[in-house]
file work.pdb (PDB, C-alpha atoms)
ATOM      1  CA  MET A1092       0.000   0.000   0.000
ATOM      2  CA  ASN A1093       1.169   3.485  -0.754
ATOM      3  CA  CYS A1094       0.562   6.580   1.340
ATOM      4  CA  SER A1095      -2.639   7.636  -0.446
ATOM      5  CA  GLU A1096      -4.104   4.225   0.235
ATOM      6  CA  TYR A1097      -3.354   4.659   3.917
ATOM      7  CA  GLU A1098      -5.234   7.938   4.136
ATOM      8  CA  ASN A1099      -8.633   6.395   4.864
ATOM      9  CA  ALA A1100      -7.089   4.017   7.351
ATOM     10  CA  ILE A1101      -5.431   6.968   9.077
ATOM     11  CA  MET A1102      -8.813   8.692   9.370
ATOM     12  CA  ASP A1103     -10.270   5.481  10.784
ATOM     13  CA  LEU A1104      -7.395   5.332  13.238
ATOM     14  CA  ALA A1105      -8.028   8.914  14.357
ATOM     15  CA  ALA A1106     -11.717   8.061  14.704
ATOM     16  CA  GLY A1107     -10.932   4.965  16.763
ATOM     17  CA  GLU A1108     -12.512   2.656  14.235
ATOM     18  CA  LEU A1109      -9.659   0.302  13.444
ATOM     19  CA  SER A1110      -9.472  -3.251  14.627
ATOM     20  CA  PRO A1111      -6.343  -4.117  16.619
ATOM     21  CA  ASP A1112      -4.792  -5.898  13.648
ATOM     22  CA  ALA A1113      -5.490  -3.051  11.260
ATOM     23  CA  GLU A1114      -4.208  -0.531  13.751
ATOM     24  CA  ARG A1115      -0.982  -2.482  14.171
ATOM     25  CA  GLU A1116      -0.464  -2.440  10.429
ATOM     26  CA  VAL A1117      -1.130   1.278  10.098
ATOM     27  CA  ARG A1118       1.145   2.148  13.001
ATOM     28  CA  ALA A1119       3.900   0.097  11.423
ATOM     29  CA  HIS A1120       3.565   2.236   8.320
ATOM     30  CA  LEU A1121       3.455   5.444  10.347
ATOM     31  CA  ALA A1122       6.690   4.507  12.047
ATOM     32  CA  GLU A1123       8.374   4.641   8.669
ATOM     33  CA  CYS A1124       6.463   7.493   7.027
ATOM     34  CA  PRO A1125       6.806  11.064   8.368
ATOM     35  CA  SER A1126       4.274  12.345   5.842
ATOM     36  CA  CYS A1127       1.517   9.998   7.024
ATOM     37  CA  THR A1128       2.481  10.682  10.612
ATOM     38  CA  ARG A1129       1.972  14.389   9.916
ATOM     39  CA  THR A1130      -1.376  13.589   8.292
ATOM     40  CA  LEU A1131      -2.470  11.664  11.369
ATOM     41  CA  GLU A1132      -1.402  14.520  13.613
ATOM     42  CA  GLU A1133      -3.336  16.998  11.499
ATOM     43  CA  ILE A1134      -6.484  14.906  11.545
ATOM     44  CA  GLU A1135      -6.218  14.324  15.277
ATOM     45  CA  SER A1136      -5.732  18.079  15.810
ATOM     46  CA  LEU A1137      -8.724  18.809  13.606
ATOM     47  CA  LEU A1138     -10.957  16.399  15.494
ATOM     48  CA  ALA A1139      -9.723  17.701  18.853
ATOM     49  CA  ALA A1140     -10.327  21.322  17.814
ATOM     50  CA  ALA A1141     -13.796  20.483  16.536
ATOM     51  CA  ARG A1142     -14.565  18.547  19.704
ATOM     52  CA  ALA A1143     -13.363  21.418  21.877
ATOM     53  CA  GLU A1144     -15.258  24.015  19.891
ATOM     54  CA  LEU A1145     -18.478  22.023  19.896
ATOM     55  CA  ALA A1146     -18.103  21.315  23.595
ATOM     56  CA  ARG A1147     -17.911  25.057  24.166
ATOM     57  CA  THR A1148     -21.478  25.360  22.951
ATOM     58  CA  ALA A1149     -22.712  23.389  25.935
ATOM     59  CA  PRO A1150     -22.013  26.048  28.559
ATOM     60  CA  VAL A1151     -24.383  28.417  26.761
ATOM     61  CA  GLY A1152     -27.190  26.035  27.484
ATOM     62  CA  LEU A1153     -25.810  25.283  30.893
ATOM     63  CA  LEU A1154     -25.665  28.956  31.756
ATOM     64  CA  ARG A1155     -29.297  29.321  30.835
ATOM     65  CA  VAL A1156     -30.218  26.254  32.798
ATOM     66  CA  GLN A1157     -28.196  27.529  35.736
ATOM     67  CA  ASP A1158     -29.896  30.897  35.451
ATOM     68  CA  ALA A1159     -33.238  29.166  35.416
ATOM     69  CA  ALA A1160     -32.208  27.046  38.387
ATOM     70  CA  ALA A1161     -31.086  30.126  40.295
ATOM     71  CA  ARG A1162     -34.378  31.787  39.450
ATOM     72  CA  ASP A1163     -36.284  28.775  40.684
ATOM     73  CA  ALA A1164     -34.215  28.749  43.860
ATOM     74  CA  ARG A1165     -34.997  32.398  44.467
ATOM     75  CA  ARG A1166     -38.670  31.691  43.921
ATOM     76  CA  ALA A1167     -38.536  28.773  46.315
ATOM     77  CA  ALA A1168     -36.690  30.756  49.000
ATOM     78  CA  PRO A1169     -38.784  31.663  52.086
ATOM     79  CA  ARG A1170     -40.409  35.040  51.701
ATOM     80  CA  VAL A1171     -42.355  37.381  53.972
ATOM     81  CA  PRO A1172     -45.839  35.887  54.306
ATOM     82  CA  LEU A1173     -48.632  37.790  52.631
ATOM     83  CA  TRP A1174     -50.520  38.320  55.876
ATOM     84  CA  ALA A1175     -47.453  39.943  57.461
ATOM     85  CA  ALA A1176     -47.027  42.281  54.497
ATOM     86  CA  VAL A1177     -50.704  43.285  54.640
ATOM     87  CA  ALA A1178     -50.506  43.811  58.406
ATOM     88  CA  ALA A1179     -47.404  45.959  57.988
ATOM     89  CA  VAL A1180     -49.190  48.128  55.441
ATOM     90  CA  PHE A1181     -52.140  48.614  57.772
ATOM     91  CA  VAL A1182     -49.902  49.484  60.720
ATOM     92  CA  MET A1183     -47.985  51.986  58.625
ATOM     93  CA  ALA A1184     -51.192  53.547  57.344
ATOM     94  CA  PHE A1185     -52.636  53.784  60.859
ATOM     95  CA  LEU A1186     -49.483  55.327  62.311
ATOM     96  CA  SER A1187     -49.241  57.781  59.450
ATOM     97  CA  GLY A1188     -52.847  58.853  59.871
ATOM     98  CA  TYR A1189     -52.617  59.097  63.639
ATOM     99  CA  LEU A1190     -49.448  61.179  63.532
ATOM    100  CA  GLY A1191     -51.063  63.459  60.956
ATOM    101  CA  TYR A1192     -54.090  63.820  63.205
ATOM    102  CA  LEU A1193     -51.932  64.732  66.193
ATOM    103  CA  ARG A1194     -50.017  67.303  64.195
ATOM    104  CA  GLY A1195     -53.242  68.780  62.902
ATOM    105  CA  ARG A1196     -54.569  69.123  66.392
ATOM    106  CA  ARG A1197     -51.440  70.975  67.498
ATOM    107  CA  GLU A1198     -51.660  73.390  64.581
ATOM    108  CA  THR A1199     -55.372  74.013  64.843
ATOM    109  CA  PRO A1200     -55.991  77.481  66.294
ATOM    110  CA  ARG A1201     -57.752  77.550  69.587
ATOM    111  CA  PHE A1202     -60.359  80.247  69.629
ATOM    112  CA  GLY A1203     -61.925  79.534  72.908
ATOM    113  CA  PRO A1204     -65.701  79.720  72.732
ATOM    114  CA  PRO A1205     -67.195  79.772  69.305
ATOM    115  CA  PHE A1206     -67.606  83.260  67.947
ATOM    116  CA  VAL A1207     -67.985  85.095  64.692
ATOM    117  CA  VAL A1208     -66.542  88.358  63.543
ATOM    118  CA  VAL A1209     -69.190  90.966  63.268
ATOM    119  CA  ALA A1210     -67.880  93.006  60.407
ATOM    120  CA  ASP A1211     -69.425  94.689  57.469
ATOM    121  CA  SER A1212     -69.342  93.057  54.069
ATOM    122  CA  SER A1213     -68.368  89.803  55.630
ATOM    123  CA  PRO A1214     -68.402  86.946  53.190
ATOM    124  CA  SER A1215     -70.813  84.196  53.662
ATOM    125  CA  ILE A1216     -68.209  82.110  55.369
ATOM    126  CA  TRP A1217     -68.437  84.384  58.414
ATOM    127  CA  LYS A1218     -72.078  83.875  58.637
ATOM    128  CA  MET A1219     -71.794  80.273  59.505
ATOM    129  CA  LYS A1220     -73.270  79.316  62.757
ATOM    130  CA  PRO A1221     -70.780  79.284  65.628
ATOM    131  CA  GLU A1222     -70.881  75.541  66.135
ATOM    132  CA  VAL A1223     -70.214  75.027  62.429
ATOM    133  CA  SER A1224     -67.302  77.458  62.528
ATOM    134  CA  ALA A1225     -65.807  75.784  65.550
ATOM    135  CA  ALA A1226     -66.199  72.384  63.997
ATOM    136  CA  THR A1227     -64.575  73.664  60.829
ATOM    137  CA  ALA A1228     -61.631  74.982  62.818
ATOM    138  CA  ARG A1229     -61.189  71.708  64.623
ATOM    139  CA  THR A1230     -61.183  69.733  61.425
ATOM    140  CA  ASN A1231     -57.926  71.372  60.475
ATOM    141  CA  HIS A1232     -59.071  73.522  57.577
ATOM    142  CA  GLN A1233     -55.887  75.465  57.903
ATOM    143  CA  PRO A1234     -56.339  78.099  55.160
ATOM    144  CA  GLN A1235     -59.784  78.937  56.403
ATOM    145  CA  CYS A1236     -58.524  79.186  59.957
ATOM    146  CA  GLU A1237     -55.642  81.412  58.986
ATOM    147  CA  PHE A1238     -57.946  83.595  56.969
ATOM    148  CA  TRP A1239     -60.315  83.728  59.856
ATOM    149  CA  ASP A1240     -57.515  84.633  62.262
ATOM    150  CA  TYR A1241     -56.332  87.296  59.840
ATOM    151  CA  ARG A1242     -59.776  88.800  59.595
ATOM    152  CA  VAL A1243     -60.080  88.889  63.353
ATOM    153  CA  ARG A1244     -56.775  90.670  63.660
ATOM    154  CA  LEU A1245     -57.740  92.997  60.804
ATOM    155  CA  GLU A1246     -60.954  93.915  62.572
ATOM    156  CA  LYS A1247     -59.050  94.602  65.770
ATOM    157  CA  VAL A1248     -56.696  96.956  63.955
ATOM    158  CA  ARG A1249     -59.481  98.677  62.080
ATOM    159  CA  GLN A1250     -61.893  99.140  64.920
ATOM    160  CA  GLY A1251     -59.407  99.320  67.758
ATOM    161  CA  THR A1252     -60.870  98.053  70.936
ATOM    162  CA  SER A1253     -64.341  98.218  69.494
ATOM    163  CA  THR A1254     -63.937  95.016  67.550
ATOM    164  CA  GLN A1255     -66.966  93.020  68.277
ATOM    165  CA  ALA A1256     -66.375  89.462  68.949
ATOM    166  CA  LYS A1257     -69.198  87.769  70.522
ATOM    167  CA  GLY A1258     -69.772  84.273  71.596
ATOM    168  CA  GLU A1259     -73.017  84.108  69.719
ATOM    169  CA  SER A1260     -74.260  84.188  66.256
ATOM    170  CA  THR A1261     -75.506  87.331  64.542
TER     171      THR A1261
ATOM    172  CA  MET B1080     -37.901   3.903  32.766
ATOM    173  CA  GLU B1081     -38.093   7.310  34.428
ATOM    174  CA  GLU B1082     -34.699   6.784  36.060
ATOM    175  CA  LEU B1083     -33.300   5.665  32.717
ATOM    176  CA  LEU B1084     -34.550   8.841  31.055
ATOM    177  CA  GLU B1085     -33.168  10.996  33.846
ATOM    178  CA  GLY B1086     -29.800   9.334  33.461
ATOM    179  CA  LEU B1087     -29.900   9.776  29.711
ATOM    180  CA  TYR B1088     -30.744  13.424  30.101
ATOM    181  CA  GLY B1089     -27.825  13.997  32.441
ATOM    182  CA  ARG B1090     -25.360  12.118  30.258
ATOM    183  CA  HIS B1091     -26.421  13.190  26.801
ATOM    184  CA  ARG B1092     -28.064  16.565  27.100
ATOM    185  CA  ASN B1093     -24.902  18.470  26.258
ATOM    186  CA  GLY B1094     -24.015  16.068  23.471
ATOM    187  CA  ILE B1095     -27.454  16.315  21.913
ATOM    188  CA  PHE B1096     -27.382  20.078  22.292
ATOM    189  CA  SER B1097     -23.943  20.385  20.669
ATOM    190  CA  PHE B1098     -25.028  18.099  17.861
ATOM    191  CA  LEU B1099     -28.115  20.196  17.250
ATOM    192  CA  VAL B1100     -26.138  23.440  17.380
ATOM    193  CA  GLY B1101     -23.844  21.996  14.755
ATOM    194  CA  MET B1102     -26.771  20.924  12.638
ATOM    195  CA  VAL B1103     -29.059  23.951  12.824
ATOM    196  CA  ARG B1104     -26.376  26.525  13.676
ATOM    197  CA  ASP B1105     -28.642  28.395  16.043
ATOM    198  CA  THR B1106     -28.282  27.989  19.791
ATOM    199  CA  ASP B1107     -31.840  29.059  20.586
ATOM    200  CA  VAL B1108     -33.316  26.625  18.102
ATOM    201  CA  ALA B1109     -30.899  23.958  19.333
ATOM    202  CA  GLU B1110     -32.096  24.466  22.891
ATOM    203  CA  ASP B1111     -35.698  24.104  21.839
ATOM    204  CA  LEU B1112     -34.912  21.003  19.818
ATOM    205  CA  THR B1113     -32.935  19.526  22.715
ATOM    206  CA  GLN B1114     -35.948  19.919  24.961
ATOM    207  CA  GLU B1115     -38.135  18.495  22.231
ATOM    208  CA  THR B1116     -35.797  15.541  21.822
ATOM    209  CA  PHE B1117     -36.128  14.531  25.443
ATOM    210  CA  ALA B1118     -39.826  15.305  25.502
ATOM    211  CA  ARG B1119     -40.316  12.943  22.587
ATOM    212  CA  ALA B1120     -38.102  10.385  24.246
ATOM    213  CA  VAL B1121     -40.319  10.491  27.317
ATOM    214  CA  ALA B1122     -43.451  10.287  25.187
ATOM    215  CA  ALA B1123     -42.076   7.369  23.188
ATOM    216  CA  ALA B1124     -40.421   5.608  26.103
ATOM    217  CA  GLY B1125     -42.910   2.778  25.884
ATOM    218  CA  GLY B1126     -41.781   1.985  22.377
ATOM    219  CA  PHE B1127     -38.097   1.931  23.221
ATOM    220  CA  ARG B1128     -36.458  -1.322  22.204
ATOM    221  CA  ARG B1129     -34.383  -2.749  25.026
ATOM    222  CA  ASP B1130     -31.820  -4.048  22.580
ATOM    223  CA  ALA B1131     -31.299  -0.588  21.086
ATOM    224  CA  LEU B1132     -28.635   1.720  22.424
ATOM    225  CA  PRO B1133     -30.299   4.643  24.214
ATOM    226  CA  LYS B1134     -27.685   7.025  22.869
ATOM    227  CA  THR B1135     -28.405   6.150  19.251
ATOM    228  CA  TRP B1136     -32.120   6.293  19.993
ATOM    229  CA  LEU B1137     -31.761   9.853  21.299
ATOM    230  CA  PHE B1138     -29.590  10.876  18.387
ATOM    231  CA  THR B1139     -32.135   9.438  15.982
ATOM    232  CA  ILE B1140     -34.825  11.621  17.526
ATOM    233  CA  ALA B1141     -32.558  14.668  17.564
ATOM    234  CA  ARG B1142     -31.479  14.109  13.969
ATOM    235  CA  ASN B1143     -35.067  13.793  12.768
ATOM    236  CA  LEU B1144     -35.963  17.024  14.537
ATOM    237  CA  ALA B1145     -32.952  18.779  13.045
ATOM    238  CA  ILE B1146     -33.769  17.561   9.542
ATOM    239  CA  ASN B1147     -37.382  18.627   9.918
ATOM    240  CA  HIS B1148     -36.236  22.026  11.083
ATOM    241  CA  LEU B1149     -33.798  22.409   8.206
ATOM    242  CA  ARG B1150     -36.459  21.371   5.734
ATOM    243  CA  SER B1151     -39.043  23.724   7.134
ATOM    244  CA  ARG B1152     -36.684  26.647   7.255
ATOM    245  CA  ALA B1153     -37.450  28.868   4.330
ATOM    246  CA  HIS B1154     -33.869  29.660   3.524
ATOM    247  CA  ARG B1155     -30.787  28.218   5.023
ATOM    248  CA  SER B1156     -28.507  30.618   6.725
ATOM    249  CA  ARG B1157     -24.872  30.214   5.925
ATOM    250  CA  ALA B1158     -23.849  31.968   9.059
ATOM    251  CA  PRO B1159     -21.102  30.306  11.058
ATOM    252  CA  LEU B1160     -21.732  28.808  14.440
ATOM    253  CA  PRO B1161     -22.470  31.385  17.139
ATOM    254  CA  ASP B1162     -19.503  33.428  18.252
ATOM    255  CA  LEU B1163     -19.199  31.878  21.652
ATOM    256  CA  SER B1164     -16.165  33.949  22.579
ATOM    257  CA  GLU B1165     -18.555  36.864  23.084
ATOM    258  CA  ARG B1166     -20.798  35.104  25.515
ATOM    259  CA  PRO B1167     -20.964  36.524  29.044
ATOM    260  CA  GLY B1168     -18.245  35.443  31.382
ATOM    261  CA  THR B1169     -15.509  34.914  28.812
ATOM    262  CA  ALA B1170     -14.508  38.496  28.106
ATOM    263  CA  ALA B1171     -11.537  38.314  30.426
ATOM    264  CA  GLU B1172      -9.985  35.213  28.943
ATOM    265  CA  PRO B1173      -6.205  35.299  28.637
ATOM    266  CA  LEU B1174      -4.712  36.678  25.471
ATOM    267  CA  GLU B1175      -2.945  33.391  24.830
ATOM    268  CA  LYS B1176      -6.320  31.812  24.212
ATOM    269  CA  LEU B1177      -7.280  34.220  21.472
ATOM    270  CA  ALA B1178      -5.361  32.314  18.799
ATOM    271  CA  ALA B1179      -7.036  29.098  19.879
ATOM    272  CA  ASP B1180     -10.389  30.861  19.822
ATOM    273  CA  GLU B1181      -9.799  32.081  16.311
ATOM    274  CA  ALA B1182      -8.940  28.561  15.230
ATOM    275  CA  GLY B1183     -12.030  27.266  16.991
ATOM    276  CA  LYS B1184     -14.212  29.781  15.198
ATOM    277  CA  ALA B1185     -12.678  28.807  11.889
ATOM    278  CA  VAL B1186     -13.394  25.159  12.652
ATOM    279  CA  SER B1187     -16.983  26.012  13.541
ATOM    280  CA  ALA B1188     -17.441  27.953  10.344
ATOM    281  CA  ALA B1189     -15.928  25.127   8.314
ATOM    282  CA  ILE B1190     -18.238  22.568   9.929
ATOM    283  CA  GLY B1191     -21.162  24.822   9.071
ATOM    284  CA  GLU B1192     -20.122  24.700   5.427
ATOM    285  CA  LEU B1193     -20.324  20.928   5.237
ATOM    286  CA  PRO B1194     -23.327  19.356   3.518
ATOM    287  CA  PRO B1195     -25.852  18.202   6.134
ATOM    288  CA  GLU B1196     -25.362  14.495   5.461
ATOM    289  CA  GLN B1197     -21.615  14.811   6.013
ATOM    290  CA  ARG B1198     -22.015  17.220   8.877
ATOM    291  CA  GLU B1199     -24.287  14.949  10.868
ATOM    292  CA  VAL B1200     -21.905  12.031  10.535
ATOM    293  CA  PHE B1201     -18.934  14.168  11.511
ATOM    294  CA  LEU B1202     -20.780  15.677  14.495
ATOM    295  CA  MET B1203     -21.933  12.344  15.857
ATOM    296  CA  LYS B1204     -18.459  10.922  15.525
ATOM    297  CA  VAL B1205     -16.706  13.892  17.100
ATOM    298  CA  ILE B1206     -19.176  14.851  19.810
ATOM    299  CA  GLU B1207     -20.325  11.518  21.133
ATOM    300  CA  GLY B1208     -17.809   9.164  19.570
ATOM    301  CA  LEU B1209     -20.503   7.024  17.991
ATOM    302  CA  THR B1210     -19.131   4.190  15.917
ATOM    303  CA  TYR B1211     -19.751   3.977  12.194
ATOM    304  CA  ARG B1212     -22.266   1.232  12.895
ATOM    305  CA  GLN B1213     -24.143   3.313  15.462
ATOM    306  CA  ILE B1214     -24.165   6.314  13.152
ATOM    307  CA  GLY B1215     -25.450   4.037  10.411
ATOM    308  CA  ASP B1216     -28.300   2.999  12.719
ATOM    309  CA  VAL B1217     -29.136   6.630  13.378
ATOM    310  CA  VAL B1218     -29.066   7.854   9.805
ATOM    311  CA  GLY B1219     -30.310   4.618   8.274
ATOM    312  CA  CYS B1220     -27.324   4.054   6.018
ATOM    313  CA  PRO B1221     -24.839   1.205   5.524
ATOM    314  CA  ILE B1222     -21.513   1.469   7.314
ATOM    315  CA  GLY B1223     -19.693   2.053   4.024
ATOM    316  CA  THR B1224     -21.794   5.135   3.328
ATOM    317  CA  VAL B1225     -21.134   6.483   6.796
ATOM    318  CA  GLN B1226     -17.417   5.877   6.363
ATOM    319  CA  SER B1227     -17.256   7.662   3.041
ATOM    320  CA  ARG B1228     -19.232  10.623   4.408
ATOM    321  CA  PHE B1229     -16.834  10.868   7.316
ATOM    322  CA  TYR B1230     -13.831  10.744   4.986
ATOM    323  CA  TYR B1231     -15.329  13.445   2.778
ATOM    324  CA  ALA B1232     -16.087  15.595   5.789
ATOM    325  CA  VAL B1233     -12.567  15.339   7.170
ATOM    326  CA  ARG B1234     -10.989  16.028   3.786
ATOM    327  CA  ARG B1235     -13.189  19.046   3.186
ATOM    328  CA  LEU B1236     -12.493  20.433   6.620
ATOM    329  CA  ARG B1237      -8.753  19.978   6.141
ATOM    330  CA  ASP B1238      -8.941  21.708   2.778
ATOM    331  CA  MET B1239     -11.044  24.579   4.088
ATOM    332  CA  LEU B1240      -8.862  25.140   7.116
ATOM    333  CA  THR B1241      -5.714  24.921   5.016
ATOM    334  CA  ARG B1242      -7.144  27.602   2.749
ATOM    335  CA  GLU B1243      -8.013  29.683   5.803
ATOM    336  CA  GLY B1244      -4.431  29.266   6.981
ATOM    337  CA  VAL B1245      -5.476  27.990  10.377
ATOM    338  CA  GLU B1246      -2.533  26.587  12.253
ATOM    339  CA  ARG B1247      -3.117  23.193  13.682
TER     340      ARG B1247
END
call {"tool": "encode", "arguments": {"input": "work.pdb", "output": "structure tokens"}}
result
Amino acid sequence: MNCSEYENAIMDLAAGELSPDAEREVRAHLAECPSCTRTLEEIESLLAAARAELARTAPVGLLRVQDAAARDARRAAPRVPLWAAVAAVFVMAFLSGYLGYLRGRRETPRFGPPFVVVADSSPSIWKMKPEVSAATARTNHQPQCEFWDYRVRLEKVRQGTSTQAKGEST
Amino acid sequence: MEELLEGLYGRHRNGIFSFLVGMVRDTDVAEDLTQETFARAVAAAGGFRRDALPKTWLFTIARNLAINHLRSRAHRSRAPLPDLSERPGTAAEPLEKLAADEAGKAVSAAIGELPPEQREVFLMKVIEGLTYRQIGDVVGCPIGTVQSRFYYAVRRLRDMLTREGVER
């Protein structure tokens, strides 16, 4: 056999497909033929490179599987129970509302007994009944209260000591 | 049977996936087909012949799926295998590996240029080390045909890589 006739056998050898007898014969030829030895080395390198390159594709899938596994693990990890989350929201809402209520009470002007400003051209707001006005003040209608306080002070300045502030409705 | 399938999945999932990547040249499609391969294996487990080799059985399913996909694809992309060097986690690889990576990419591209019937034989031989006989069982061809396809594939790859000037 010449070298070209050994080529297929060399590919079979690289592929691990030769019987022991056939392999012995091919290796005997290789021992005497540098060219065929180089051919075998090239084929083995080619197969190894292809194997390595194709094996590199696996981690792409593995990464995705690992990502999915990590995601599953995160999903399976113990979490705050729903009832605790709902309870926390209610507690926060209650505390927020209560603190707001307390602050509103502190900032609400204290006018003592209900009264109205007896002034000319008073807008209709001043003609509310005393109990309504007091209730309005207590419910933290801040702009109204400030306006009211301003009007009271304005009346005092304008009329001096004659500002009429009574504890009853006009 | 369930334990057998679990074992097969653990042992051959990567091999089936790599084979399918080589065949369809699309990692996303290959992943889907890999899942489909094992799903079909589970569905057809009752019909599995005990005398058949599970590995060749799986590769037969995977090959059929790959061929169906290639047939149904409107036009075949000639793109090389995915550039795996750009996948996350490999950006900081040593410079010494770049030459090897380039060679690997050239090999991938060359494999992608092979005709499907040669490519499948080459992939099964290289990835899983199936024998000519086992490959013949998978593709339904005589051993001689498998041998000649393998020879053609190796010769073409050597020629292509020699033209590319890839050092081996």
call {"tool": "interface_residues", "arguments": {"input": "work.pdb", "of": "chain B", "to": "chain A", "cutoff": "9 Å", "atoms": "all atoms listed in the file", "output": "tab-separated table (two decimals) with C-alpha atoms, in the coordinates of the input"}}
result
chain	number	residue	atom	x	y	z
B	1092	ARG	CA	-28.06	16.57	27.10
B	1093	ASN	CA	-24.90	18.47	26.26
B	1094	GLY	CA	-24.02	16.07	23.47
B	1096	PHE	CA	-27.38	20.08	22.29
B	1097	SER	CA	-23.94	20.39	20.67
B	1098	PHE	CA	-25.03	18.10	17.86
B	1100	VAL	CA	-26.14	23.44	17.38
B	1101	GLY	CA	-23.84	22.00	14.76
B	1106	THR	CA	-28.28	27.99	19.79
B	1107	ASP	CA	-31.84	29.06	20.59
B	1110	GLU	CA	-32.10	24.47	22.89
B	1161	PRO	CA	-22.47	31.38	17.14
B	1163	LEU	CA	-19.20	31.88	21.65
B	1166	ARG	CA	-20.80	35.10	25.52
B	1179	ALA	CA	-7.04	29.10	19.88
B	1180	ASP	CA	-10.39	30.86	19.82
B	1182	ALA	CA	-8.94	28.56	15.23
B	1183	GLY	CA	-12.03	27.27	16.99
B	1184	LYS	CA	-14.21	29.78	15.20
B	1186	VAL	CA	-13.39	25.16	12.65
B	1187	SER	CA	-16.98	26.01	13.54
B	1190	ILE	CA	-18.24	22.57	9.93
B	1202	LEU	CA	-20.78	15.68	14.50
B	1204	LYS	CA	-18.46	10.92	15.52
B	1205	VAL	CA	-16.71	13.89	17.10
B	1206	ILE	CA	-19.18	14.85	19.81
B	1208	GLY	CA	-17.81	9.16	19.57
B	1210	THR	CA	-19.13	4.19	15.92
B	1211	TYR	CA	-19.75	3.98	12.19
B	1226	GLN	CA	-17.42	5.88	6.36
B	1227	SER	CA	-17.26	7.66	3.04
B	1229	PHE	CA	-16.83	10.87	7.32
B	1230	TYR	CA	-13.83	10.74	4.99
B	1233	VAL	CA	-12.57	15.34	7.17
B	1236	LEU	CA	-12.49	20.43	6.62
B	1237	ARG	CA	-8.75	19.98	6.14
B	1247	ARG	CA	-3.12	23.19	13.68
call {"tool": "atom_distance", "arguments": {"input": "work.pdb", "atom1": "CA of Glu1085 (chain B)", "atom2": "CA of Glu1207 (chain B)"}}
result
18.1 Å
call {"tool": "closest_residue", "arguments": {"input": "work.pdb", "among": "A:Ala1113, A:Cys1124, A:Ala1176, A:Ala1105", "to": "Asn1093 (chain A)", "atoms": "all atoms listed in the file"}}
result
A:Cys1124
call {"tool": "resolve_selection", "arguments": {"input": "work.pdb", "expression": "the PyMOL selection byres ((chain B and resi 1219) around 12)", "output": "PyMOL selection string"}}
result
chain B and resi 1135-1136+1138-1139+1142-1143+1196+1200+1211-1218+1220-1225
call {"tool": "atom_distance", "arguments": {"input": "work.pdb", "atom1": "CA of Met1203 (chain B)", "atom2": "CA of Thr1128 (chain A)"}}
result
25.0 Å
call {"tool": "atom_distance", "arguments": {"input": "work.pdb", "atom1": "CA of Glu1082 (chain B)", "atom2": "CA of Ala1123 (chain B)"}}
result
14.8 Å
call {"tool": "closest_residue", "arguments": {"input": "work.pdb", "among": "B:Ala1124, B:Val1108, B:Leu1087, B:Ala1145", "to": "Arg1198 (chain B)", "atoms": "all atoms listed in the file"}}
result
B:Ala1145
call {"tool": "resolve_selection", "arguments": {"input": "work.pdb", "expression": "the PyMOL selection byres ((chain B and resi 1119) around 12)", "output": "NGL selection string"}}
result
:B and (1084 or 1112-1118 or 1120-1127 or 1136-1141 or 1143-1144)
call {"tool": "residues_around", "arguments": {"input": "work.pdb", "residues": "Gln1197 (chain B)", "least_positions_apart": "6", "cutoff": "8 Å", "atoms": "all atoms listed in the file", "output": "PyMOL selection string"}}
result
chain B and resi 1228-1229+1231-1232
call {"tool": "build_atoms", "arguments": {"input": "work.pdb", "residues": "region 1104-1113 of chain B", "atoms": "N, CA and C atoms", "output": "PDB file, keeping the file's coordinate frame"}}
result
ATOM      1  N   ARG B1104     -27.199  25.317  13.571  1.00  0.00           N
ATOM      2  CA  ARG B1104     -26.376  26.525  13.676  1.00  0.00           C
ATOM      3  C   ARG B1104     -27.137  27.687  14.304  1.00  0.00           C
ATOM      4  N   ASP B1105     -27.887  27.368  15.324  1.00  0.00           N
ATOM      5  CA  ASP B1105     -28.642  28.395  16.043  1.00  0.00           C
ATOM      6  C   ASP B1105     -28.850  27.861  17.465  1.00  0.00           C
ATOM      7  N   THR B1106     -28.237  28.524  18.427  1.00  0.00           N
ATOM      8  CA  THR B1106     -28.282  27.989  19.791  1.00  0.00           C
ATOM      9  C   THR B1106     -29.694  27.990  20.371  1.00  0.00           C
ATOM     10  N   ASP B1107     -30.473  29.013  20.037  1.00  0.00           N
ATOM     11  CA  ASP B1107     -31.840  29.059  20.586  1.00  0.00           C
ATOM     12  C   ASP B1107     -32.682  27.913  20.030  1.00  0.00           C
ATOM     13  N   VAL B1108     -32.575  27.731  18.716  1.00  0.00           N
ATOM     14  CA  VAL B1108     -33.316  26.625  18.102  1.00  0.00           C
ATOM     15  C   VAL B1108     -32.797  25.295  18.657  1.00  0.00           C
ATOM     16  N   ALA B1109     -31.485  25.206  18.822  1.00  0.00           N
ATOM     17  CA  ALA B1109     -30.899  23.958  19.333  1.00  0.00           C
ATOM     18  C   ALA B1109     -31.414  23.659  20.740  1.00  0.00           C
ATOM     19  N   GLU B1110     -31.559  24.688  21.539  1.00  0.00           N
ATOM     20  CA  GLU B1110     -32.096  24.466  22.891  1.00  0.00           C
ATOM     21  C   GLU B1110     -33.522  23.929  22.827  1.00  0.00           C
ATOM     22  N   ASP B1111     -34.314  24.566  21.976  1.00  0.00           N
ATOM     23  CA  ASP B1111     -35.698  24.104  21.839  1.00  0.00           C
ATOM     24  C   ASP B1111     -35.738  22.654  21.357  1.00  0.00           C
ATOM     25  N   LEU B1112     -34.902  22.360  20.368  1.00  0.00           N
ATOM     26  CA  LEU B1112     -34.912  21.003  19.818  1.00  0.00           C
ATOM     27  C   LEU B1112     -34.374  19.991  20.825  1.00  0.00           C
ATOM     28  N   THR B1113     -33.433  20.431  21.666  1.00  0.00           N
ATOM     29  CA  THR B1113     -32.935  19.526  22.715  1.00  0.00           C
ATOM     30  C   THR B1113     -34.069  19.165  23.673  1.00  0.00           C
TER      31      THR B1113
END
